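Asks: Let me give you the structure first, and then I'll get to my questions.
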Amino acid sequence: MYTLGIDIGSTTSKCVILKDGAKEVAKSLIVAGTGTDGPNRALNEVLKKANLKLEDVSYIVSTGYGRKGYRLANTEISELSCHAKGVMHLFPKVRTIIDIGGQDAKVLSINERGRLAEFVMNDKCAAGTGRFLDVMANVLKLDISDLEKEARKATNPVQISSTCTVFAESEVISQLSNGSSRENVVAGICKSVANRVATLAKRLDIKDEVFMSGGVAKNEGVRNAMEEVLNTKIVYSKDSQLMGALGAALFAYEKSIKEE
Amino acid sequence: MSNVDKLLAKFHEAATNPKKQLDSYLKNGKKVIGCVPVYTPEEVIHSFGYVPFGVWGADVQIKEAKRYFPAFICSIMQSILELGINGEYKGMSAIVIPSLCDSLKSVGQNWKYAVKDIPFIPMTYPQNRKCDSAKDFLNFTYGKVIKNLSDIDNIEFDDKKLAKSIEVYNKHNAAMRRFQKLLSEKPVLTAVERKDVYKSAYFMLKEEHTDLVEELNEYLANAIYDGSKTRVVTSGILADNENLLKIFDENNLTIVADDIAHESRQYRTDAPQSNSALDSLVEKFRNMDNCSVLFNKDKVRANYVVNLAKENNAAGVLMIMTKFCDPEEFDYVIIKKELDNADIPSLQVEIDRQMVNFEQANTMIQAFGEVL
């Protein structure tokens, strides 16, 4: 039995196909999120990679910001539950998940039974999200993927406000005007994201292991800053962005079995 | 349309068209007095033959009120002043504004300058309710409200008429408490329908509202519930936005009890028997508790919410936090701790009167439902 999870985020669309709820058959990631052709492209790509047709898939679960409007899905589940499910499938020792996506940041607490117990989420503010990094990369005329390389070269990271994207943008411009190097400013930006999300994380009881998922997890600068701020080691996978889609595919399998 | 649907339509019509209700009372020659949150002595207003009319603002964009308030003040207060300035309360003979929190104090002060055609009647409550001096204080401040109301039409205050109004209000309280109890046993209404019952009470004479609620209660008493929904309790100042409440229904969550100021908190305490009707009203306020704007050094509200969840077999508690409501924010920390100690899952959702997009609230509530 093939099941498919599709995670339609604000900036990316991700798909995972599983065989019998265990073996990953194919995955896809398209940099285009809800309200674009991203979900369709991600679906077509994952089906092509798996050498399957849509009718071969028994059950589809959608998740992410665009989960409700996705008509091909049999059902939709929140991204919080799906991220927890996906991460716990691959990293069963994880007890805290920090998921930073394009426009929101979430911290999930996993109980001893490996289930989502509690969570906190940012609200009405882009500080500490992927959007914050997008805006800052734009100010610095850098590609977002280059931020971590720049942060690695930093010798003395500057201090950037962690409370507001708009004010932080002005601060970055001021820092550059005052002669701070680009790499030190980038490292300051990464630390700012980490500080912001850490304040969210500290509302919950942070337990090891701590896993980072979502697009921002790819940024080594933010991961390192997060380790420093939370004083703990961060577990990471190169497929961190796909955890929501993986969780959705796992739920799809469970639901399909239940409905049969 | 079935009888219950017709009944629910009446609640919905009144809850969603307060201006129509107001104009209807005015057209019938009634004098209407605005009652600002959280508690006003409605029974006194009623005893003069006036219509006490709830003024809790609305979900509107704030423009004019920004001339009087800073951005970081509760949006309920901002929207009350906004609607006042825009003439939504036109025709009211006066507005009673209590002083139960710092934001409310500034509403009264600003109202005098911003809305000159509706006189402001201040209602000052004592911070400490239980001590003997609180009785004298309340008698004095109720007396000032009575004097202001008397001046509208040169009507003398009559304690016997107040006693009759108290009867009307106690009867309404009982009907509302039964409504909540029946809904806890058989939560067959949607969150929006439930809200309509509570909200419409502010825009109708209580005797009219009691009749409708009692009719609905008879239906609920005989209703059949399949037990398929996840039971939750809500807590906060206000939770009347339909887009927010629809999220509950979409995620199979049903509100089996509440600690919402706009809802059940209004109906917990009756005015008891006393030497005079006014003394009875004084005792009512002294007996009220478990509310963020009613000072209690022991913070008993935290246990109240825990017990409310337990008694109603709720799987979790949703703390609906009105942005910039200091009293609720202070209480939240204590309530959250007690809920955690009792192993009752909880979720805080922040709202305000200017919210248009509830997508994040949707994700949070859906995930909470999945956790439960």
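Residues are referred to by chain and number: the chain letter is A, B, ... according to the order shown in the structure tokens, the number counts from 1 in that chain, and ligands are numbered separately from 1 in the order shown.
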For His83 in chain A, list every protein, DNA or RNA residue within 8 Å, evaluated using only C-alpha atoms, and leave out those in the same chain fewer than 4 positions away; present the list as a PyMOL selection string.

Replies: chain A and resi 79+87+99+213+243-247

Asks: Restrict the selected residues to C-alpha atoms and save them as a compact mmCIF listing (two decimals), in the first residue's frame.

Replies:
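Full text of result07.txt as output:
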# COMPACT_ATOMS: atom_id res chain seq x y z
CA GLU A 79 1.55 20.51 10.82
CA VAL A 87 10.47 13.28 13.69
CA ASP A 99 10.21 23.81 13.88
CA SER A 213 12.91 20.80 11.69
CA MET A 243 9.39 15.88 8.51
CA GLY A 244 5.87 17.30 8.15
CA ALA A 245 5.27 15.47 4.86
CA LEU A 246 6.72 12.26 6.33
CA GLY A 247 4.42 12.54 9.35

Asks: Quick one: everything within 9 Å of Gln127 in chain B, counting only C-alpha atoms, minus sequence neighbours fewer than 6 positions away in the same chain. Send it as a list in words.

Replies: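 The contact residues come out as Leu100, Ala134, Leu294 and Phe295 of chain B.
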
Asks: Next, the residues of the selection above should be written as a compact mmCIF listing (two decimals), in the first residue's frame with all heavy atoms.

Replies:
# COMPACT_ATOMS: atom_id res chain seq x y z
N LEU B 100 -13.36 48.68 36.79
CA LEU B 100 -12.81 47.41 37.28
C LEU B 100 -11.39 47.10 36.81
O LEU B 100 -10.77 46.17 37.30
CB LEU B 100 -13.76 46.27 36.89
CG LEU B 100 -15.05 46.24 37.73
CD1 LEU B 100 -16.13 45.42 37.05
CD2 LEU B 100 -14.79 45.69 39.12
N ALA B 134 -16.51 47.79 52.63
CA ALA B 134 -16.91 47.64 51.22
C ALA B 134 -18.42 47.85 51.08
O ALA B 134 -18.90 48.33 50.05
CB ALA B 134 -16.50 46.27 50.70
N LEU B 294 -11.92 40.88 39.67
CA LEU B 294 -12.39 40.91 41.07
C LEU B 294 -11.23 40.44 41.94
O LEU B 294 -10.89 39.25 41.95
CB LEU B 294 -13.61 40.01 41.25
CG LEU B 294 -14.84 40.39 40.42
CD1 LEU B 294 -15.95 39.36 40.60
CD2 LEU B 294 -15.35 41.78 40.78
N PHE B 295 -10.63 41.37 42.66
CA PHE B 295 -9.41 41.08 43.39
C PHE B 295 -9.61 39.97 44.42
O PHE B 295 -10.56 39.98 45.19
CB PHE B 295 -8.92 42.36 44.09
CG PHE B 295 -7.73 42.16 44.96
CD1 PHE B 295 -6.49 41.87 44.40
CD2 PHE B 295 -7.82 42.26 46.34
CE1 PHE B 295 -5.38 41.67 45.20
CE2 PHE B 295 -6.72 42.06 47.15
CZ PHE B 295 -5.50 41.77 46.58

Asks: Could you write out as an mmCIF file with C-alpha atoms, in the first residue's frame the residues of chain B within 9 Å of chain A, counting only C-alpha atoms?

Replies:
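What landed in result_5.cif:
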data_model
loop_
_atom_site.group_PDB
_atom_site.id
_atom_site.type_symbol
_atom_site.label_atom_id
_atom_site.label_comp_id
_atom_site.auth_asym_id
_atom_site.auth_seq_id
_atom_site.Cartn_x
_atom_site.Cartn_y
_atom_site.Cartn_z
ATOM 1 C CA PRO B 345 -3.936 20.040 28.882
ATOM 2 C CA SER B 346 -4.381 23.723 28.064
ATOM 3 C CA LEU B 347 -3.779 26.063 25.179
ATOM 4 C CA GLN B 348 -3.559 29.835 25.116
ATOM 5 C CA GLU B 350 -4.517 35.298 21.799
ATOM 6 C CA GLU B 359 -5.294 30.890 10.418
ATOM 7 C CA GLN B 360 -2.734 30.585 13.197
ATOM 8 C CA ALA B 361 -5.475 30.167 15.795
ATOM 9 C CA THR B 363 -3.675 25.568 13.375
ATOM 10 C CA MET B 364 -3.219 25.822 17.138
ATOM 11 C CA GLN B 366 -6.714 21.935 15.464
ATOM 12 C CA ALA B 367 -3.396 20.659 16.855
ATOM 13 C CA PHE B 368 -4.753 20.968 20.407
ATOM 14 C CA GLU B 370 -5.447 16.300 17.880
ATOM 15 C CA VAL B 371 -3.406 16.205 21.110
ATOM 16 C CA LEU B 372 -6.588 15.692 23.158
#

Asks: Quick one: residues within 10 Å of Val185 in chain A, only C-alpha atoms counted, chain neighbours fewer than 3 positions away excluded, as a ChimeraX atom specification?

Replies: /A:136,140,150-151,154,156-160,171-173,175-176,180-182,188-191

Asks: Tell me, as a ChimeraX atom specification, which residues lie within 7 Å of Ile76 in chain B, counting only C-alpha atoms; anything in the same chain fewer than 3 positions away does not count.

Replies: /B:56-57,79-80,353

Asks: Quick one: residues within 12 Å of Ile351 in chain B, only C-alpha atoms, excluding same-chain residues fewer than 6 positions away - as a PyMOL selection string?

Replies: (chain A and resi 123-124) or (chain B and resi 59+74-76+236-241+243-245+319-325+357-362)

Asks: Those same residues - N, CA and C atoms - I'd like them written as a short mmCIF file (atom, residue, chain, number, x, y, z; two decimals), in the first residue's frame.

Replies:
data_model
loop_
_atom_site.label_atom_id
_atom_site.label_comp_id
_atom_site.auth_asym_id
_atom_site.auth_seq_id
_atom_site.Cartn_x
_atom_site.Cartn_y
_atom_site.Cartn_z
N ASP A 123 3.06 34.21 17.12
CA ASP A 123 1.77 34.74 16.70
C ASP A 123 1.93 36.15 16.15
N LYS A 124 1.39 36.37 14.97
CA LYS A 124 1.30 37.72 14.39
C LYS A 124 2.64 38.45 14.30
N ASP B 59 -16.10 43.68 16.54
CA ASP B 59 -14.90 43.44 15.74
C ASP B 59 -14.85 44.46 14.60
N CYS B 74 -6.39 47.28 25.56
CA CYS B 74 -7.38 46.25 25.20
C CYS B 74 -8.31 46.74 24.08
N SER B 75 -8.46 45.90 23.05
CA SER B 75 -9.23 46.32 21.88
C SER B 75 -10.74 46.34 22.15
N ILE B 76 -11.17 45.68 23.23
CA ILE B 76 -12.61 45.77 23.57
C ILE B 76 -12.90 47.24 23.92
N GLY B 236 -11.57 33.20 29.80
CA GLY B 236 -11.08 34.48 29.27
C GLY B 236 -12.11 35.56 29.46
N ILE B 237 -11.90 36.69 28.80
CA ILE B 237 -12.84 37.80 28.92
C ILE B 237 -13.96 37.69 27.89
N LEU B 238 -13.57 37.40 26.65
CA LEU B 238 -14.54 37.45 25.55
C LEU B 238 -14.17 36.39 24.51
N ALA B 239 -15.17 35.70 23.98
CA ALA B 239 -14.91 34.74 22.88
C ALA B 239 -16.13 34.73 21.98
N ASP B 240 -16.41 35.86 21.33
CA ASP B 240 -17.65 35.94 20.55
C ASP B 240 -17.44 36.03 19.05
N ASN B 241 -16.17 35.92 18.61
CA ASN B 241 -15.94 36.02 17.17
C ASN B 241 -16.33 34.72 16.48
N ASN B 243 -15.67 33.56 13.52
CA ASN B 243 -14.60 32.87 12.81
C ASN B 243 -13.75 32.04 13.77
N LEU B 244 -13.60 32.53 14.99
CA LEU B 244 -12.87 31.78 16.01
C LEU B 244 -13.69 30.57 16.44
N LEU B 245 -14.97 30.80 16.71
CA LEU B 245 -15.81 29.72 17.23
C LEU B 245 -16.05 28.61 16.21
N MET B 319 -7.55 28.78 26.89
CA MET B 319 -7.49 30.11 27.48
C MET B 319 -7.54 31.13 26.34
N ILE B 320 -8.68 31.78 26.17
CA ILE B 320 -8.85 32.75 25.09
C ILE B 320 -8.40 34.11 25.64
N MET B 321 -7.21 34.50 25.29
CA MET B 321 -6.59 35.68 25.89
C MET B 321 -6.83 36.93 25.04
N THR B 322 -7.56 37.88 25.60
CA THR B 322 -7.75 39.15 24.90
C THR B 322 -6.45 39.94 25.01
N LYS B 323 -5.88 40.26 23.85
CA LYS B 323 -4.58 40.93 23.82
C LYS B 323 -4.61 42.22 24.65
N PHE B 324 -3.58 42.42 25.43
CA PHE B 324 -3.38 43.59 26.28
C PHE B 324 -4.36 43.66 27.46
N CYS B 325 -4.98 42.52 27.81
CA CYS B 325 -5.83 42.50 29.01
C CYS B 325 -4.93 42.12 30.19
N ASN B 357 -7.74 37.51 10.23
CA ASN B 357 -7.27 36.19 9.83
C ASN B 357 -7.05 35.33 11.08
N PHE B 358 -7.71 34.18 11.11
CA PHE B 358 -7.60 33.28 12.27
C PHE B 358 -6.82 32.01 11.93
N GLU B 359 -5.96 32.10 10.89
CA GLU B 359 -5.29 30.89 10.42
C GLU B 359 -4.38 30.28 11.48
N GLN B 360 -3.62 31.14 12.17
CA GLN B 360 -2.73 30.58 13.20
C GLN B 360 -3.53 30.00 14.36
N ALA B 361 -4.61 30.69 14.73
CA ALA B 361 -5.48 30.17 15.79
C ALA B 361 -6.06 28.83 15.35
N ASN B 362 -6.39 28.75 14.07
CA ASN B 362 -6.95 27.52 13.51
C ASN B 362 -5.95 26.36 13.66
#

Asks: Among range 113-211 of chain A, which residues does DSSP mark as alpha helix (DSSP H) when it is run on the backbone? Keep the chain and numbering as in the structure and answer as a PyMOL selection string.

Replies: chain A and resi 130-139+147-152+165-177+182-201

Asks: Using CA of Ala277 in chain B and CA of Ser47 in chain B as the two end points, give the distance in Å to one decimal.

Replies: 10.6 Å

Asks: So how many Å separate CA of Gly9 in chain A and CA of Thr165 in chain A, to one decimal?

Replies: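 Taking CA of Gly9 in chain A as the start and CA of Thr165 in chain A as the end point, the length is 20.1 Å.
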
Asks: Quick one: residues within 12 Å of Ser192 in chain A, only C-alpha atoms, excluding same-chain residues fewer than 5 positions away - as a PDB file with N, CA and C atoms, in the first residue's frame?

Replies:
ATOM      1  N   ALA A 127       9.297  37.905  13.359  1.00  0.00           N
ATOM      2  CA  ALA A 127      10.607  37.756  13.991  1.00  0.00           C
ATOM      3  C   ALA A 127      10.806  36.294  14.386  1.00  0.00           C
ATOM      4  N   GLY A 128      11.985  35.767  14.106  1.00  0.00           N
ATOM      5  CA  GLY A 128      12.278  34.384  14.481  1.00  0.00           C
ATOM      6  C   GLY A 128      11.738  33.371  13.500  1.00  0.00           C
ATOM      7  N   THR A 129      11.411  33.782  12.280  1.00  0.00           N
ATOM      8  CA  THR A 129      10.917  32.836  11.265  1.00  0.00           C
ATOM      9  C   THR A 129      11.783  32.928  10.010  1.00  0.00           C
ATOM     10  N   PHE A 132      11.954  36.313   8.349  1.00  0.00           N
ATOM     11  CA  PHE A 132      12.920  37.225   8.941  1.00  0.00           C
ATOM     12  C   PHE A 132      14.266  37.062   8.213  1.00  0.00           C
ATOM     13  N   LEU A 133      14.679  35.812   8.007  1.00  0.00           N
ATOM     14  CA  LEU A 133      15.957  35.570   7.315  1.00  0.00           C
ATOM     15  C   LEU A 133      15.884  36.028   5.861  1.00  0.00           C
ATOM     16  N   MET A 136      16.306  39.781   5.786  1.00  0.00           N
ATOM     17  CA  MET A 136      17.685  40.176   6.098  1.00  0.00           C
ATOM     18  C   MET A 136      18.637  39.827   4.946  1.00  0.00           C
ATOM     19  N   PRO A 157      30.126  38.483  16.332  1.00  0.00           N
ATOM     20  CA  PRO A 157      28.745  38.750  15.896  1.00  0.00           C
ATOM     21  C   PRO A 157      28.166  40.006  16.555  1.00  0.00           C
ATOM     22  N   VAL A 158      27.458  40.799  15.755  1.00  0.00           N
ATOM     23  CA  VAL A 158      26.851  42.017  16.305  1.00  0.00           C
ATOM     24  C   VAL A 158      25.531  41.648  16.988  1.00  0.00           C
ATOM     25  N   GLN A 159      25.008  42.583  17.757  1.00  0.00           N
ATOM     26  CA  GLN A 159      23.726  42.344  18.435  1.00  0.00           C
ATOM     27  C   GLN A 159      22.600  42.930  17.588  1.00  0.00           C
ATOM     28  N   ILE A 160      21.623  42.080  17.234  1.00  0.00           N
ATOM     29  CA  ILE A 160      20.464  42.540  16.451  1.00  0.00           C
ATOM     30  C   ILE A 160      19.205  42.303  17.283  1.00  0.00           C
ATOM     31  N   SER A 161      18.285  43.251  17.221  1.00  0.00           N
ATOM     32  CA  SER A 161      17.024  43.120  17.965  1.00  0.00           C
ATOM     33  C   SER A 161      16.314  41.829  17.590  1.00  0.00           C
ATOM     34  N   SER A 162      15.733  41.175  18.568  1.00  0.00           N
ATOM     35  CA  SER A 162      15.018  39.935  18.265  1.00  0.00           C
ATOM     36  C   SER A 162      13.509  40.135  18.373  1.00  0.00           C
ATOM     37  N   THR A 163      13.067  41.377  18.374  1.00  0.00           N
ATOM     38  CA  THR A 163      11.640  41.595  18.614  1.00  0.00           C
ATOM     39  C   THR A 163      10.846  41.994  17.374  1.00  0.00           C
ATOM     40  N   CYS A 164      11.458  42.564  16.378  1.00  0.00           N
ATOM     41  CA  CYS A 164      10.665  43.058  15.251  1.00  0.00           C
ATOM     42  C   CYS A 164      11.476  43.026  13.962  1.00  0.00           C
ATOM     43  N   THR A 165      10.916  42.422  12.920  1.00  0.00           N
ATOM     44  CA  THR A 165      11.614  42.306  11.641  1.00  0.00           C
ATOM     45  C   THR A 165      11.915  43.668  11.037  1.00  0.00           C
ATOM     46  N   ALA A 168      14.566  45.413  13.031  1.00  0.00           N
ATOM     47  CA  ALA A 168      15.826  44.688  12.857  1.00  0.00           C
ATOM     48  C   ALA A 168      16.454  45.020  11.510  1.00  0.00           C
ATOM     49  N   GLU A 169      15.615  45.221  10.497  1.00  0.00           N
ATOM     50  CA  GLU A 169      16.121  45.589   9.171  1.00  0.00           C
ATOM     51  C   GLU A 169      16.860  46.928   9.259  1.00  0.00           C
ATOM     52  N   GLU A 171      18.209  48.103  11.900  1.00  0.00           N
ATOM     53  CA  GLU A 171      19.427  47.879  12.696  1.00  0.00           C
ATOM     54  C   GLU A 171      20.548  47.321  11.827  1.00  0.00           C
ATOM     55  N   VAL A 172      20.186  46.395  10.930  1.00  0.00           N
ATOM     56  CA  VAL A 172      21.190  45.793  10.039  1.00  0.00           C
ATOM     57  C   VAL A 172      21.828  46.872   9.177  1.00  0.00           C
ATOM     58  N   VAL A 185      27.476  40.671  10.889  1.00  0.00           N
ATOM     59  CA  VAL A 185      26.050  41.034  10.881  1.00  0.00           C
ATOM     60  C   VAL A 185      25.192  39.778  10.659  1.00  0.00           C
ATOM     61  N   VAL A 186      25.636  38.921   9.718  1.00  0.00           N
ATOM     62  CA  VAL A 186      24.878  37.690   9.447  1.00  0.00           C
ATOM     63  C   VAL A 186      24.824  36.804  10.699  1.00  0.00           C
ATOM     64  N   ALA A 187      25.964  36.682  11.373  1.00  0.00           N
ATOM     65  CA  ALA A 187      25.984  35.864  12.607  1.00  0.00           C
ATOM     66  C   ALA A 187      25.045  36.465  13.654  1.00  0.00           C
ATOM     67  N   VAL A 197      13.333  32.457  19.120  1.00  0.00           N
ATOM     68  CA  VAL A 197      12.685  31.146  19.239  1.00  0.00           C
ATOM     69  C   VAL A 197      12.968  30.538  20.615  1.00  0.00           C
ATOM     70  N   ALA A 198      14.139  30.855  21.179  1.00  0.00           N
ATOM     71  CA  ALA A 198      14.477  30.320  22.508  1.00  0.00           C
ATOM     72  C   ALA A 198      13.495  30.844  23.561  1.00  0.00           C
ATOM     73  N   THR A 199      13.076  32.094  23.428  1.00  0.00           N
ATOM     74  CA  THR A 199      12.114  32.628  24.405  1.00  0.00           C
ATOM     75  C   THR A 199      10.797  31.854  24.318  1.00  0.00           C
ATOM     76  N   GLY A 221      24.176  28.382  10.792  1.00  0.00           N
ATOM     77  CA  GLY A 221      24.367  29.538  11.680  1.00  0.00           C
ATOM     78  C   GLY A 221      23.283  29.609  12.744  1.00  0.00           C
ATOM     79  N   VAL A 222      22.043  29.383  12.339  1.00  0.00           N
ATOM     80  CA  VAL A 222      20.937  29.420  13.300  1.00  0.00           C
ATOM     81  C   VAL A 222      21.029  28.216  14.244  1.00  0.00           C
ATOM     82  N   ARG A 223      21.372  27.050  13.690  1.00  0.00           N
ATOM     83  CA  ARG A 223      21.484  25.842  14.539  1.00  0.00           C
ATOM     84  C   ARG A 223      22.544  26.033  15.623  1.00  0.00           C
ATOM     85  N   ASN A 224      23.699  26.572  15.198  1.00  0.00           N
ATOM     86  CA  ASN A 224      24.774  26.796  16.175  1.00  0.00           C
ATOM     87  C   ASN A 224      24.345  27.809  17.235  1.00  0.00           C
ATOM     88  N   ALA A 225      23.702  28.883  16.767  1.00  0.00           N
ATOM     89  CA  ALA A 225      23.251  29.910  17.720  1.00  0.00           C
ATOM     90  C   ALA A 225      22.214  29.323  18.674  1.00  0.00           C
ATOM     91  N   MET A 226      21.361  28.448  18.161  1.00  0.00           N
ATOM     92  CA  MET A 226      20.331  27.828  18.998  1.00  0.00           C
ATOM     93  C   MET A 226      20.978  26.936  20.053  1.00  0.00           C
ATOM     94  N   GLU A 228      23.849  27.348  21.344  1.00  0.00           N
ATOM     95  CA  GLU A 228      24.478  28.233  22.340  1.00  0.00           C
ATOM     96  C   GLU A 228      23.415  28.826  23.281  1.00  0.00           C
ATOM     97  N   VAL A 229      22.323  29.301  22.705  1.00  0.00           N
ATOM     98  CA  VAL A 229      21.294  29.971  23.507  1.00  0.00           C
ATOM     99  C   VAL A 229      20.591  28.979  24.436  1.00  0.00           C
TER     100      VAL A 229
END
